[in-house]
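Pasting my_file.pdb here (PDB, C-alpha atoms and all ligand atoms):
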```
MODEL        1
ATOM      1  CA  MET B   1       0.000   0.000   0.000
ATOM      2  CA  THR B   2       1.360   3.419  -0.914
ATOM      3  CA  ARG B   3       1.295   6.058   1.743
ATOM      4  CA  THR B   4       0.416   9.611   0.827
ATOM      5  CA  ALA B   5       2.967  12.053   2.154
ATOM      6  CA  VAL B   6       1.271  14.504   4.485
ATOM      7  CA  LYS B   7       2.951  17.847   4.867
ATOM      8  CA  PRO B   8       3.707  18.753   8.465
ATOM      9  CA  GLU B   9       1.394  21.401   9.936
ATOM     10  CA  THR B  10       4.096  24.076   9.688
ATOM     11  CA  ASP B  11       4.129  23.696   5.890
ATOM     12  CA  VAL B  12       0.469  24.560   5.547
ATOM     13  CA  VAL B  13      -0.060  27.780   3.614
ATOM     14  CA  GLU B  14      -2.868  29.751   5.185
ATOM     15  CA  GLY B  15      -5.328  31.949   3.362
ATOM     16  CA  VAL B  16      -8.494  33.916   3.917
ATOM     17  CA  TYR B  17     -11.728  34.356   1.989
ATOM     18  CA  LEU B  18     -12.506  38.046   1.378
ATOM     19  CA  CYS B  19     -15.809  38.919  -0.238
ATOM     20  CA  THR B  20     -18.754  41.225   0.376
ATOM     21  CA  SER B  21     -21.305  39.681  -1.951
ATOM     22  CA  LEU B  22     -20.955  35.896  -2.165
ATOM     23  CA  ASP B  23     -20.493  33.120   0.364
ATOM     24  CA  LEU B  24     -17.105  31.973  -0.947
ATOM     25  CA  PRO B  25     -16.596  29.174   1.625
ATOM     26  CA  ASP B  26     -19.967  27.770   0.618
ATOM     27  CA  LEU B  27     -19.148  27.974  -3.098
ATOM     28  CA  PHE B  28     -15.519  26.872  -3.052
ATOM     29  CA  GLY B  29     -14.938  25.221   0.347
ATOM     30  CA  ASP B  30     -15.516  21.677  -0.901
ATOM     31  CA  ALA B  31     -13.176  22.009  -3.884
ATOM     32  CA  LEU B  32     -10.498  23.517  -1.649
ATOM     33  CA  ALA B  33     -10.907  21.149   1.280
ATOM     34  CA  ASN B  34      -8.998  18.401  -0.496
ATOM     35  CA  GLN B  35      -6.097  20.507  -1.647
ATOM     36  CA  PRO B  36      -2.966  19.438   0.194
ATOM     37  CA  GLY B  37      -0.955  22.033   2.049
ATOM     38  CA  VAL B  38      -3.461  24.900   2.107
ATOM     39  CA  ARG B  39      -6.016  25.999   4.645
ATOM     40  CA  LEU B  40      -8.551  28.767   4.159
ATOM     41  CA  TYR B  41     -10.461  30.630   6.845
ATOM     42  CA  ARG B  42     -13.373  32.995   7.017
ATOM     43  CA  PRO B  43     -12.059  36.352   8.316
ATOM     44  CA  ASP B  44     -13.613  35.869  11.769
ATOM     45  CA  GLU B  45     -11.962  32.449  12.123
ATOM     46  CA  VAL B  46      -8.377  33.403  11.265
ATOM     47  CA  PRO B  47      -6.179  32.261  14.192
ATOM     48  CA  ASP B  48      -3.219  34.525  13.414
ATOM     49  CA  PRO B  49      -3.574  37.229  10.715
ATOM     50  CA  SER B  50       0.200  37.457  10.348
ATOM     51  CA  ARG B  51       0.261  33.865   9.045
ATOM     52  CA  ILE B  52      -2.160  34.609   6.200
ATOM     53  CA  ARG B  53      -0.220  34.459   2.923
ATOM     54  CA  PHE B  54      -3.002  34.529   0.362
ATOM     55  CA  ALA B  55      -6.592  35.618  -0.121
ATOM     56  CA  LEU B  56      -9.347  34.204  -2.304
ATOM     57  CA  VAL B  57     -11.491  37.170  -3.256
ATOM     58  CA  TRP B  58     -14.470  38.631  -5.050
ATOM     59  CA  LYS B  59     -15.556  42.222  -4.369
ATOM     60  CA  PRO B  60     -13.546  42.529  -1.136
ATOM     61  CA  ALA B  61     -14.406  45.406   1.237
ATOM     62  CA  ASP B  62     -12.286  48.540   0.811
ATOM     63  CA  ASP B  63     -10.279  47.786   3.972
ATOM     64  CA  ALA B  64     -10.339  43.995   3.548
ATOM     65  CA  PHE B  65      -6.575  43.505   3.204
ATOM     66  CA  ASN B  66      -5.534  45.763   6.097
ATOM     67  CA  ALA B  67      -5.720  43.024   8.716
ATOM     68  CA  TYR B  68      -3.185  40.789   6.936
ATOM     69  CA  PRO B  69       0.355  42.208   6.834
ATOM     70  CA  ASN B  70       1.912  39.259   4.985
ATOM     71  CA  ILE B  71      -0.402  38.617   2.051
ATOM     72  CA  GLU B  72       1.644  37.710  -1.033
ATOM     73  CA  LEU B  73      -1.065  36.410  -3.345
ATOM     74  CA  VAL B  74      -4.586  37.592  -4.134
ATOM     75  CA  GLN B  75      -6.465  35.041  -6.208
ATOM     76  CA  VAL B  76      -9.640  36.402  -7.806
ATOM     77  CA  ILE B  77     -12.376  33.802  -8.367
ATOM     78  CA  ALA B  78     -13.145  35.175 -11.826
ATOM     79  CA  ALA B  79     -11.546  36.421 -15.025
ATOM     80  CA  GLY B  80     -12.142  40.134 -14.360
ATOM     81  CA  VAL B  81      -9.976  41.776 -11.724
ATOM     82  CA  ASP B  82     -11.056  45.430 -11.960
ATOM     83  CA  GLY B  83     -12.857  45.397  -8.583
ATOM     84  CA  VAL B  84      -9.739  44.112  -6.841
ATOM     85  CA  LEU B  85      -7.127  46.309  -8.518
ATOM     86  CA  ARG B  86      -9.092  49.398  -7.440
ATOM     87  CA  ASN B  87      -9.256  48.223  -3.829
ATOM     88  CA  PRO B  88      -7.539  50.867  -1.655
ATOM     89  CA  SER B  89      -6.144  48.336   0.824
ATOM     90  CA  LEU B  90      -4.621  46.000  -1.803
ATOM     91  CA  PRO B  91      -0.942  45.806  -0.820
ATOM     92  CA  ASP B  92       1.606  46.675  -3.523
ATOM     93  CA  ARG B  93       3.610  43.558  -2.712
ATOM     94  CA  ALA B  94       0.700  41.202  -3.449
ATOM     95  CA  VAL B  95       0.538  39.460  -6.798
ATOM     96  CA  VAL B  96      -3.013  39.389  -8.169
ATOM     97  CA  THR B  97      -4.001  36.309 -10.167
ATOM     98  CA  ARG B  98      -7.164  35.573 -12.082
ATOM     99  CA  VAL B  99      -8.820  32.484 -13.484
ATOM    100  CA  HIS B 100      -8.052  31.416 -17.063
ATOM    101  CA  ASP B 101     -10.649  28.721 -17.487
ATOM    102  CA  ALA B 102     -11.300  27.245 -20.932
ATOM    103  CA  GLU B 103     -14.628  25.873 -19.715
ATOM    104  CA  GLN B 104     -15.700  29.319 -18.549
ATOM    105  CA  ALA B 105     -14.815  30.638 -22.007
ATOM    106  CA  THR B 106     -16.859  27.885 -23.662
ATOM    107  CA  ILE B 107     -19.890  28.645 -21.507
ATOM    108  CA  MET B 108     -19.510  32.340 -22.321
ATOM    109  CA  ALA B 109     -19.218  31.589 -26.039
ATOM    110  CA  GLY B 110     -22.442  29.573 -26.024
ATOM    111  CA  PHE B 111     -24.205  32.380 -24.204
ATOM    112  CA  ALA B 112     -22.952  34.984 -26.678
ATOM    113  CA  GLY B 113     -23.972  32.755 -29.614
ATOM    114  CA  TRP B 114     -27.462  32.375 -28.159
ATOM    115  CA  HIS B 115     -27.828  36.177 -27.960
ATOM    116  CA  VAL B 116     -26.495  36.613 -31.485
ATOM    117  CA  VAL B 117     -29.302  34.321 -32.676
ATOM    118  CA  TRP B 118     -31.774  36.173 -30.448
ATOM    119  CA  HIS B 119     -31.014  39.469 -32.182
ATOM    120  CA  HIS B 120     -30.445  38.054 -35.649
ATOM    121  CA  ARG B 121     -33.804  36.232 -35.568
ATOM    122  CA  TYR B 122     -35.690  38.949 -33.638
ATOM    123  CA  MET B 123     -36.735  36.333 -31.105
ATOM    124  CA  GLY B 124     -38.461  39.004 -29.010
ATOM    125  CA  ASN B 125     -41.061  39.347 -31.782
ATOM    126  CA  TYR B 126     -41.827  35.631 -31.661
ATOM    127  CA  LEU B 127     -42.309  35.692 -27.910
ATOM    128  CA  GLU B 128     -44.657  38.625 -28.219
ATOM    129  CA  ALA B 129     -46.606  36.914 -31.024
ATOM    130  CA  GLN B 130     -46.895  33.769 -28.932
ATOM    131  CA  ARG B 131     -48.509  35.724 -26.108
ATOM    132  CA  SER B 132     -51.329  36.729 -28.472
ATOM    133  CA  LYS B 133     -51.361  33.305 -30.199
ATOM    134  CA  THR B 134     -50.428  34.959 -33.490
ATOM    135  CA  TRP B 135     -48.890  32.876 -36.313
ATOM    136  CA  ASP B 136     -46.855  35.620 -37.964
ATOM    137  CA  ARG B 137     -44.305  34.541 -40.595
ATOM    138  CA  THR B 138     -43.325  38.036 -41.669
ATOM    139  CA  THR B 139     -39.993  38.043 -39.847
ATOM    140  CA  ILE B 140     -38.671  35.046 -41.716
ATOM    141  CA  LYS B 141     -39.378  36.758 -45.047
ATOM    142  CA  THR B 142     -36.955  39.565 -44.229
ATOM    143  CA  LEU B 143     -34.260  37.381 -42.701
ATOM    144  CA  ARG B 144     -30.722  38.139 -43.781
ATOM    145  CA  PRO B 145     -28.398  35.124 -43.992
ATOM    146  CA  PRO B 146     -25.670  35.066 -41.332
ATOM    147  CA  SER B 147     -23.034  35.750 -43.996
ATOM    148  CA  GLU B 148     -24.566  39.231 -44.395
ATOM    149  CA  VAL B 149     -24.690  40.018 -40.687
ATOM    150  CA  THR B 150     -21.424  41.245 -39.217
ATOM    151  CA  VAL B 151     -20.748  40.554 -35.566
ATOM    152  CA  GLY B 152     -18.271  42.937 -33.944
ATOM    153  CA  LEU B 153     -16.346  41.856 -30.896
ATOM    154  CA  LEU B 154     -14.634  44.118 -28.389
ATOM    155  CA  GLY B 155     -12.195  42.003 -26.395
ATOM    156  CA  TYR B 156     -10.099  39.185 -27.836
ATOM    157  CA  GLY B 157      -8.646  37.380 -24.827
ATOM    158  CA  LEU B 158      -9.434  33.805 -23.837
ATOM    159  CA  MET B 159     -13.168  34.473 -23.732
ATOM    160  CA  GLY B 160     -13.258  36.774 -26.740
ATOM    161  CA  GLN B 161     -11.474  34.183 -28.860
ATOM    162  CA  ALA B 162     -13.914  31.455 -27.793
ATOM    163  CA  ILE B 163     -16.842  33.740 -28.689
ATOM    164  CA  ALA B 164     -15.257  34.602 -32.042
ATOM    165  CA  ARG B 165     -14.792  30.938 -32.970
ATOM    166  CA  THR B 166     -18.343  30.038 -31.965
ATOM    167  CA  VAL B 167     -20.003  32.938 -33.754
ATOM    168  CA  ALA B 168     -17.835  32.468 -36.871
ATOM    169  CA  SER B 169     -18.764  28.776 -36.931
ATOM    170  CA  MET B 170     -22.425  29.854 -37.073
ATOM    171  CA  GLY B 171     -21.670  31.609 -40.340
ATOM    172  CA  PHE B 172     -21.397  35.230 -39.184
ATOM    173  CA  PRO B 173     -18.379  37.254 -40.274
ATOM    174  CA  VAL B 174     -16.611  38.378 -37.073
ATOM    175  CA  LEU B 175     -14.637  41.594 -36.753
ATOM    176  CA  THR B 176     -12.603  42.306 -33.668
ATOM    177  CA  ALA B 177     -10.655  45.293 -32.376
ATOM    178  CA  THR B 178      -7.286  44.363 -30.927
ATOM    179  CA  ARG B 179      -4.308  46.411 -29.761
ATOM    180  CA  THR B 180      -1.979  44.703 -32.181
ATOM    181  CA  GLU B 181      -2.186  42.974 -35.554
ATOM    182  CA  GLY B 182      -1.901  39.220 -35.416
ATOM    183  CA  GLU B 183      -3.254  35.821 -36.277
ATOM    184  CA  SER B 184      -6.902  35.075 -35.802
ATOM    185  CA  ASP B 185      -9.202  32.138 -36.330
ATOM    186  CA  ALA B 186     -10.963  31.418 -39.615
ATOM    187  CA  GLY B 187     -13.808  33.828 -40.244
ATOM    188  CA  VAL B 188     -12.407  36.392 -37.803
ATOM    189  CA  THR B 189     -10.858  39.667 -38.977
ATOM    190  CA  ARG B 190      -8.715  41.699 -36.596
ATOM    191  CA  MET B 191      -8.573  45.476 -36.767
ATOM    192  CA  SER B 192      -5.980  47.417 -34.830
ATOM    193  CA  GLY B 193      -4.981  51.027 -34.333
ATOM    194  CA  ALA B 194      -6.289  53.929 -32.315
ATOM    195  CA  ASP B 195      -9.718  54.004 -33.989
ATOM    196  CA  ALA B 196     -10.185  50.208 -34.250
ATOM    197  CA  VAL B 197     -13.108  50.173 -31.811
ATOM    198  CA  SER B 198     -15.118  52.749 -33.751
ATOM    199  CA  ARG B 199     -14.245  51.092 -37.092
ATOM    200  CA  VAL B 200     -15.445  47.723 -35.788
ATOM    201  CA  ALA B 201     -18.612  49.278 -34.343
ATOM    202  CA  ALA B 202     -19.320  51.081 -37.624
ATOM    203  CA  ARG B 203     -19.623  47.710 -39.387
ATOM    204  CA  SER B 204     -21.308  45.741 -36.593
ATOM    205  CA  ASP B 205     -24.908  44.662 -37.007
ATOM    206  CA  ILE B 206     -24.442  43.011 -33.642
ATOM    207  CA  LEU B 207     -21.737  44.215 -31.263
ATOM    208  CA  ILE B 208     -20.487  42.058 -28.386
ATOM    209  CA  ASN B 209     -18.466  43.602 -25.565
ATOM    210  CA  ILE B 210     -16.235  41.350 -23.449
ATOM    211  CA  LEU B 211     -13.453  43.840 -22.677
ATOM    212  CA  PRO B 212     -11.760  44.049 -19.297
ATOM    213  CA  LEU B 213     -12.658  47.208 -17.373
ATOM    214  CA  THR B 214      -9.741  49.655 -17.321
ATOM    215  CA  ASP B 215      -9.389  53.451 -17.429
ATOM    216  CA  ASP B 216      -9.194  53.125 -21.237
ATOM    217  CA  THR B 217     -12.385  51.105 -21.601
ATOM    218  CA  ARG B 218     -14.681  52.743 -19.026
ATOM    219  CA  ASP B 219     -17.726  54.347 -20.758
ATOM    220  CA  ILE B 220     -16.615  52.918 -24.115
ATOM    221  CA  LEU B 221     -20.216  51.976 -25.028
ATOM    222  CA  ASN B 222     -21.548  55.495 -25.396
ATOM    223  CA  ALA B 223     -23.710  57.747 -27.581
ATOM    224  CA  GLU B 224     -20.912  58.480 -30.047
ATOM    225  CA  LEU B 225     -20.181  54.786 -30.579
ATOM    226  CA  PHE B 226     -23.880  53.965 -30.980
ATOM    227  CA  ALA B 227     -24.352  56.836 -33.459
ATOM    228  CA  GLY B 228     -21.597  55.363 -35.651
ATOM    229  CA  MET B 229     -23.193  51.894 -35.788
ATOM    230  CA  PRO B 230     -25.591  50.705 -38.499
ATOM    231  CA  LYS B 231     -29.129  51.809 -37.629
ATOM    232  CA  GLY B 232     -30.996  49.171 -35.637
ATOM    233  CA  ALA B 233     -27.824  47.307 -34.576
ATOM    234  CA  ALA B 234     -27.869  45.223 -31.405
ATOM    235  CA  LEU B 235     -25.576  45.278 -28.390
ATOM    236  CA  ILE B 236     -24.574  42.265 -26.300
ATOM    237  CA  GLN B 237     -22.917  43.559 -23.149
ATOM    238  CA  LEU B 238     -20.925  40.878 -21.308
ATOM    239  CA  GLY B 239     -18.004  42.953 -20.003
ATOM    240  CA  ARG B 240     -18.471  45.139 -16.956
ATOM    241  CA  GLY B 241     -21.244  47.574 -16.046
ATOM    242  CA  PRO B 242     -19.096  50.743 -16.227
ATOM    243  CA  HIS B 243     -18.336  50.089 -19.918
ATOM    244  CA  LEU B 244     -21.876  51.214 -20.719
ATOM    245  CA  VAL B 245     -23.224  54.747 -20.399
ATOM    246  CA  GLU B 246     -26.721  53.682 -19.433
ATOM    247  CA  ASP B 247     -28.590  56.881 -20.371
ATOM    248  CA  ASP B 248     -26.928  56.812 -23.814
ATOM    249  CA  MET B 249     -28.141  53.236 -24.238
ATOM    250  CA  LEU B 250     -31.733  54.164 -23.381
ATOM    251  CA  ALA B 251     -31.654  57.148 -25.744
ATOM    252  CA  ALA B 252     -30.224  55.020 -28.574
ATOM    253  CA  LEU B 253     -32.935  52.380 -28.049
ATOM    254  CA  ASP B 254     -35.663  55.007 -27.943
ATOM    255  CA  SER B 255     -34.464  56.623 -31.184
ATOM    256  CA  GLY B 256     -34.184  53.226 -32.897
ATOM    257  CA  GLN B 257     -30.461  53.718 -33.500
ATOM    258  CA  ILE B 258     -29.948  50.599 -31.390
ATOM    259  CA  GLY B 259     -32.568  47.933 -32.092
ATOM    260  CA  GLY B 260     -32.097  45.735 -29.046
ATOM    261  CA  ALA B 261     -29.697  44.891 -26.254
ATOM    262  CA  SER B 262     -28.716  41.948 -24.116
ATOM    263  CA  LEU B 263     -27.228  43.105 -20.836
ATOM    264  CA  ASP B 264     -25.568  40.820 -18.302
ATOM    265  CA  VAL B 265     -23.582  43.384 -16.297
ATOM    266  CA  PHE B 266     -24.601  46.699 -14.786
ATOM    267  CA  ARG B 267     -23.115  49.759 -13.131
ATOM    268  CA  GLN B 268     -25.033  48.852 -10.009
ATOM    269  CA  GLU B 269     -25.463  45.176  -9.166
ATOM    270  CA  PRO B 270     -27.950  43.910  -8.217
ATOM    271  CA  LEU B 271     -29.774  46.083 -10.742
ATOM    272  CA  PRO B 272     -32.156  48.247  -8.642
ATOM    273  CA  ALA B 273     -35.841  47.319  -8.948
ATOM    274  CA  ASP B 274     -36.762  50.785 -10.242
ATOM    275  CA  HIS B 275     -34.134  50.786 -13.021
ATOM    276  CA  PRO B 276     -35.675  51.496 -16.463
ATOM    277  CA  PHE B 277     -33.734  48.598 -18.050
ATOM    278  CA  TRP B 278     -35.960  46.046 -16.268
ATOM    279  CA  SER B 279     -39.108  46.955 -18.145
ATOM    280  CA  HIS B 280     -37.637  48.002 -21.480
ATOM    281  CA  PRO B 281     -39.262  45.877 -24.205
ATOM    282  CA  ARG B 282     -36.053  45.568 -26.236
ATOM    283  CA  ILE B 283     -33.642  44.726 -23.436
ATOM    284  CA  VAL B 284     -32.903  41.182 -22.272
ATOM    285  CA  ILE B 285     -31.462  41.100 -18.778
ATOM    286  CA  THR B 286     -29.448  38.389 -17.058
ATOM    287  CA  PRO B 287     -27.962  38.851 -13.561
ATOM    288  CA  HIS B 288     -24.191  38.715 -14.268
ATOM    289  CA  GLU B 289     -24.413  35.030 -15.030
ATOM    290  CA  ALA B 290     -23.260  34.894 -18.652
ATOM    291  CA  SER B 291     -20.616  32.472 -17.489
ATOM    292  CA  VAL B 292     -19.291  30.944 -14.309
ATOM    293  CA  THR B 293     -16.029  29.551 -13.082
ATOM    294  CA  SER B 294     -16.272  26.065 -11.678
ATOM    295  CA  PRO B 295     -15.079  25.560  -8.088
ATOM    296  CA  GLN B 296     -12.511  23.080  -9.383
ATOM    297  CA  ALA B 297     -11.109  25.618 -11.863
ATOM    298  CA  VAL B 298     -10.755  28.144  -9.039
ATOM    299  CA  ALA B 299      -9.069  25.586  -6.780
ATOM    300  CA  ASP B 300      -6.703  24.545  -9.585
ATOM    301  CA  ALA B 301      -5.846  28.168 -10.361
ATOM    302  CA  LEU B 302      -5.119  28.932  -6.722
ATOM    303  CA  MET B 303      -2.965  25.849  -6.238
ATOM    304  CA  GLN B 304      -0.980  26.542  -9.379
ATOM    305  CA  SER B 305      -0.275  30.132  -8.298
ATOM    306  CA  ILE B 306       0.793  29.015  -4.819
ATOM    307  CA  ARG B 307       3.129  26.399  -6.307
ATOM    308  CA  GLU B 308       4.635  28.921  -8.711
ATOM    309  CA  LEU B 309       5.148  31.510  -5.980
ATOM    310  CA  ASP B 310       6.713  28.925  -3.672
ATOM    311  CA  ALA B 311       9.109  27.970  -6.466
ATOM    312  CA  GLY B 312      10.128  31.632  -6.723
ATOM    313  CA  HIS B 313       8.325  32.278 -10.031
ATOM    314  CA  ARG B 314       5.820  34.942 -10.939
ATOM    315  CA  PRO B 315       2.498  33.065 -11.312
ATOM    316  CA  THR B 316       1.457  32.440 -14.915
ATOM    317  CA  ALA B 317      -2.000  33.845 -14.157
ATOM    318  CA  ALA B 318      -0.634  37.070 -12.594
ATOM    319  CA  VAL B 319      -2.264  40.220 -13.959
ATOM    320  CA  ASP B 320      -0.317  43.262 -15.012
ATOM    321  CA  LYS B 321      -1.457  45.896 -12.518
ATOM    322  CA  SER B 322      -0.544  48.666 -14.965
ATOM    323  CA  THR B 323      -2.782  47.445 -17.807
ATOM    324  CA  GLY B 324      -5.456  45.987 -15.530
ATOM    325  CA  TYR B 325      -5.654  42.493 -17.038
TER     326      TYR B 325
HETATM  327  C1  LIG Y   1     -17.033  37.370 -14.196
HETATM  328  O1  LIG Y   1     -17.577  38.414 -14.111
HETATM  329  C2  LIG Y   1     -15.629  37.232 -14.453
HETATM  330  O2  LIG Y   1     -14.925  38.240 -14.420
HETATM  331  O3  LIG Y   1     -15.160  36.109 -14.686
ENDMDL
END
```
Conversion result in C-alpha cells:
Amino acid sequence: MTRTAVKPETDVVEGVYLCTSLDLPDLFGDALANQPGVRLYRPDEVPDPSRIRFALVWKPADDAFNAYPNIELVQVIAAGVDGVLRNPSLPDRAVVTRVHDAEQATIMAGFAGWHVVWHHRYMGNYLEAQRSKTWDRTTIKTLRPPSEVTVGLLGYGLMGQAIARTVASMGFPVLTATRTEGESDAGVTRMSGADAVSRVAARSDILINILPLTDDTRDILNAELFAGMPKGAALIQLGRGPHLVEDDMLAALDSGQIGGASLDVFRQEPLPADHPFWSHPRIVITPHEASVTSPQAVADALMQSIRELDAGHRPTAAVDKSTGY
C-alpha cells in the first residue's frame, strides 16, 4: 500500500476568503478542502492574521486587506480583476491572479452565440406573437443570412477568442478590435490602431463587448459609438457595467439607432428594482451570469499560483497591474 505524504502542519499555507457579496466558503470550500498544504479561513476564524499568505477574493471590502500584513497572493475567483485592482487596501507587494478557465470561455461563447441568434432572428417578436397566439411569418421573409450580418467583438482574450470561434462557426463574419495585428481564427478579422473600436462598431450589425474594465475602456459603449453603428444594430454587453453609459443606451434604443440589447452586467449590481432597463421591451437582462467559473477551476488556479510563488516564479496567471488584465 502506498502512503500519501502529508505535509507537516508548519508547511500549511494559510489563506483567507474576502468577499462582500458571495459566500465563498460555501461555493468553493468543498473544492479547496482536499487541496494538500493549504487551509482557508473565514475572516472571523483566522487564528493569526500574520500567518495569512493569500486571499481568495471577489468584491472585497475597501479595507479587507488591512488586517493581513503578509499577504503575497490575491487570487480572484473570476476572469475580471477590476474590482480588486481598485481596492484601496490591496498591498503593492501582493501578486493578483485571475482564473483562465477554458470551460468558462466555452460557456460564455455559447451564451454569446445564443444572444447573437436572439437578435439576428428577432426572437423578441416571436415571444410577443406567442402571447397573443399569433402565427406571424413576416420576420422570416426579411431574414438576412448570417453571412450578411457582421458581428463585432470588443475584447479578444481567452473568452473573446472562444466567442469569435463560436459565432464564426455559425456563419457570421466576425470583426474584432485588438491592440496589435496578429493571427486570428478562420472567419475572424482583426482590426488594430487607435480608432479600431469605432471602425469595428461602424460595421457591426451586432456588437459584443467582453473587454476588461480599465481606465481606457470605461464608458466605451456610449452615444458616439452607438451613433456610428448601423441603424438598428444590437448590443450584447458581457463585459463590466461601467463600460456602458446607461442613459446613452436608453436614448439610442428610444431613437431606434440601437434595435435591441442583451445586458448581463450593470453599473449597479444587483440592478435596482426601479431601473428602467428592467421593463424596457427591447432589453434582455441576465444577472451577471453569462458564465461561471467552476469551483474546481478556481481551486486549480489557486494551487498553481501558490506552487509557482513557492518555487520563486511569478504566477502564470498574474495580472499586469498597470494594464489591468
Ligand atoms: C465574471 O464576471 C468574471 O470576471 O469572470
For B:Asn125, which residue out of B:Arg240, B:Arg282, B:His313, B:Arg307 is the nearest one, using only C-alpha atoms?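 That would be B:Arg282, the residue with the smallest distance to B:Asn125.
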What would the selection look like, as a PyMOL selection string, if the PyMOL selection byres (((not hetatm)) within 10 of (chain Y and resi 1)) were run on the coordinates I just shared? chain B and resi 58+76-83+98-101+104-105+108+159+210+212-213+238-240+264-265+288-293
Would you kindly translate the PyMOL selection byres (((chain B and resi 191) around 9) and not hetatm) into the concrete residues it picks from this file, as a PDB file with C-alpha atoms, keeping the file's coordinate frame?
```pdb
ATOM      1  CA  LEU B 175     -14.637  41.594 -36.753  1.00  0.00           C
ATOM      2  CA  THR B 176     -12.603  42.306 -33.668  1.00  0.00           C
ATOM      3  CA  ALA B 177     -10.655  45.293 -32.376  1.00  0.00           C
ATOM      4  CA  THR B 178      -7.286  44.363 -30.927  1.00  0.00           C
ATOM      5  CA  ARG B 179      -4.308  46.411 -29.761  1.00  0.00           C
ATOM      6  CA  THR B 180      -1.979  44.703 -32.181  1.00  0.00           C
ATOM      7  CA  GLU B 181      -2.186  42.974 -35.554  1.00  0.00           C
ATOM      8  CA  THR B 189     -10.858  39.667 -38.977  1.00  0.00           C
ATOM      9  CA  ARG B 190      -8.715  41.699 -36.596  1.00  0.00           C
ATOM     10  CA  SER B 192      -5.980  47.417 -34.830  1.00  0.00           C
ATOM     11  CA  GLY B 193      -4.981  51.027 -34.333  1.00  0.00           C
ATOM     12  CA  ALA B 196     -10.185  50.208 -34.250  1.00  0.00           C
ATOM     13  CA  VAL B 197     -13.108  50.173 -31.811  1.00  0.00           C
ATOM     14  CA  ARG B 199     -14.245  51.092 -37.092  1.00  0.00           C
ATOM     15  CA  VAL B 200     -15.445  47.723 -35.788  1.00  0.00           C
TER      16      VAL B 200
END
```
Which neighbours of stretch 26-39 of chain B fall inside 12 Å, counting all atoms listed in the file, when residues of the same chain fewer than 6 positions from it are skipped, and could you give them as a ChimeraX atom specification? /B:4-17,19,45-47,51-58,77,292-304,306-307,310
Report as a PyMOL selection string all protein, DNA and RNA residues lying within 9 Å of stretch 225-229 of chain B, evaluated on all atoms listed in the file, omitting residues in the same chain fewer than 4 positions from it. chain B and resi 197-205+220-221+233+248-249+252+257-258
Deliver the residues from the most recent selection as a file, using C-alpha atoms, as a PDB file, keeping the file's coordinate frame.
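again-v4.pdb was written with the following content:
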```
ATOM      1  CA  VAL B 197     -13.108  50.173 -31.811  1.00  0.00           C
ATOM      2  CA  SER B 198     -15.118  52.749 -33.751  1.00  0.00           C
ATOM      3  CA  ARG B 199     -14.245  51.092 -37.092  1.00  0.00           C
ATOM      4  CA  VAL B 200     -15.445  47.723 -35.788  1.00  0.00           C
ATOM      5  CA  ALA B 201     -18.612  49.278 -34.343  1.00  0.00           C
ATOM      6  CA  ALA B 202     -19.320  51.081 -37.624  1.00  0.00           C
ATOM      7  CA  ARG B 203     -19.623  47.710 -39.387  1.00  0.00           C
ATOM      8  CA  SER B 204     -21.308  45.741 -36.593  1.00  0.00           C
ATOM      9  CA  ASP B 205     -24.908  44.662 -37.007  1.00  0.00           C
ATOM     10  CA  ILE B 220     -16.615  52.918 -24.115  1.00  0.00           C
ATOM     11  CA  LEU B 221     -20.216  51.976 -25.028  1.00  0.00           C
ATOM     12  CA  ALA B 233     -27.824  47.307 -34.576  1.00  0.00           C
ATOM     13  CA  ASP B 248     -26.928  56.812 -23.814  1.00  0.00           C
ATOM     14  CA  MET B 249     -28.141  53.236 -24.238  1.00  0.00           C
ATOM     15  CA  ALA B 252     -30.224  55.020 -28.574  1.00  0.00           C
ATOM     16  CA  GLN B 257     -30.461  53.718 -33.500  1.00  0.00           C
ATOM     17  CA  ILE B 258     -29.948  50.599 -31.390  1.00  0.00           C
TER      18      ILE B 258
END
```
Once the PyMOL selection byres (((chain B and resi 280) around 10) and not hetatm) is applied to the coordinates I shared, what remains selected? I want it as a PDB file with C-alpha atoms, keeping the file's coordinate frame.
```pdb
ATOM      1  CA  LEU B 250     -31.733  54.164 -23.381  1.00  0.00           C
ATOM      2  CA  LEU B 253     -32.935  52.380 -28.049  1.00  0.00           C
ATOM      3  CA  ASP B 254     -35.663  55.007 -27.943  1.00  0.00           C
ATOM      4  CA  GLY B 260     -32.097  45.735 -29.046  1.00  0.00           C
ATOM      5  CA  ALA B 261     -29.697  44.891 -26.254  1.00  0.00           C
ATOM      6  CA  HIS B 275     -34.134  50.786 -13.021  1.00  0.00           C
ATOM      7  CA  PRO B 276     -35.675  51.496 -16.463  1.00  0.00           C
ATOM      8  CA  PHE B 277     -33.734  48.598 -18.050  1.00  0.00           C
ATOM      9  CA  TRP B 278     -35.960  46.046 -16.268  1.00  0.00           C
ATOM     10  CA  SER B 279     -39.108  46.955 -18.145  1.00  0.00           C
ATOM     11  CA  PRO B 281     -39.262  45.877 -24.205  1.00  0.00           C
ATOM     12  CA  ARG B 282     -36.053  45.568 -26.236  1.00  0.00           C
ATOM     13  CA  ILE B 283     -33.642  44.726 -23.436  1.00  0.00           C
ATOM     14  CA  VAL B 284     -32.903  41.182 -22.272  1.00  0.00           C
ATOM     15  CA  ILE B 285     -31.462  41.100 -18.778  1.00  0.00           C
TER      16      ILE B 285
END
```
Correct to one decimal, the distance atom CA of B:Gly187-atom CA of B:Thr166 is 10.2 Å
As an exercise, work out the distance from atom CA of B:Leu158 to atom CA of B:Ala102 in Å and give it to one decimal place.
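Atom CA of B:Ala102 lies at a distance of 7.4 Å from atom CA of B:Leu158.
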In terms of only C-alpha atoms, the residue from B:Ala311, B:Leu235, B:Ile107, B:Ala64 at minimal distance from B:Pro88 is B:Ala64
B:Ala251 proximity check over B:Ile140, B:Leu263, B:Ala223, B:Val167, using all atoms listed in the file: winner is B:Ala223
Best match for closeness to B:Asp92 among B:Gln268, B:Asp48, B:Leu309, B:Lys321, counting all atoms listed in the file
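Among B:Gln268, B:Asp48, B:Leu309, B:Lys321, it is B:Lys321 that comes nearest to B:Asp92.
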Can you find the residues with an atom no farther than 7 Å from (-23.4, 36.4, -45.0), counting all atoms listed in the file, and report them as a ChimeraX atom specification?
/B:145-149,171-173
Expressed in Å, the length from atom CA of B:Ala61 to atom CA of B:Leu85 is 12.2 Å
query = Which polymer residues, protein or nucleic acid, are no farther than 9 Å from (-10.5, 33.1, -36.7), counting all atoms listed in the file, as a PyMOL selection string?
reply = chain B and resi 161+164-165+168+174+183-190
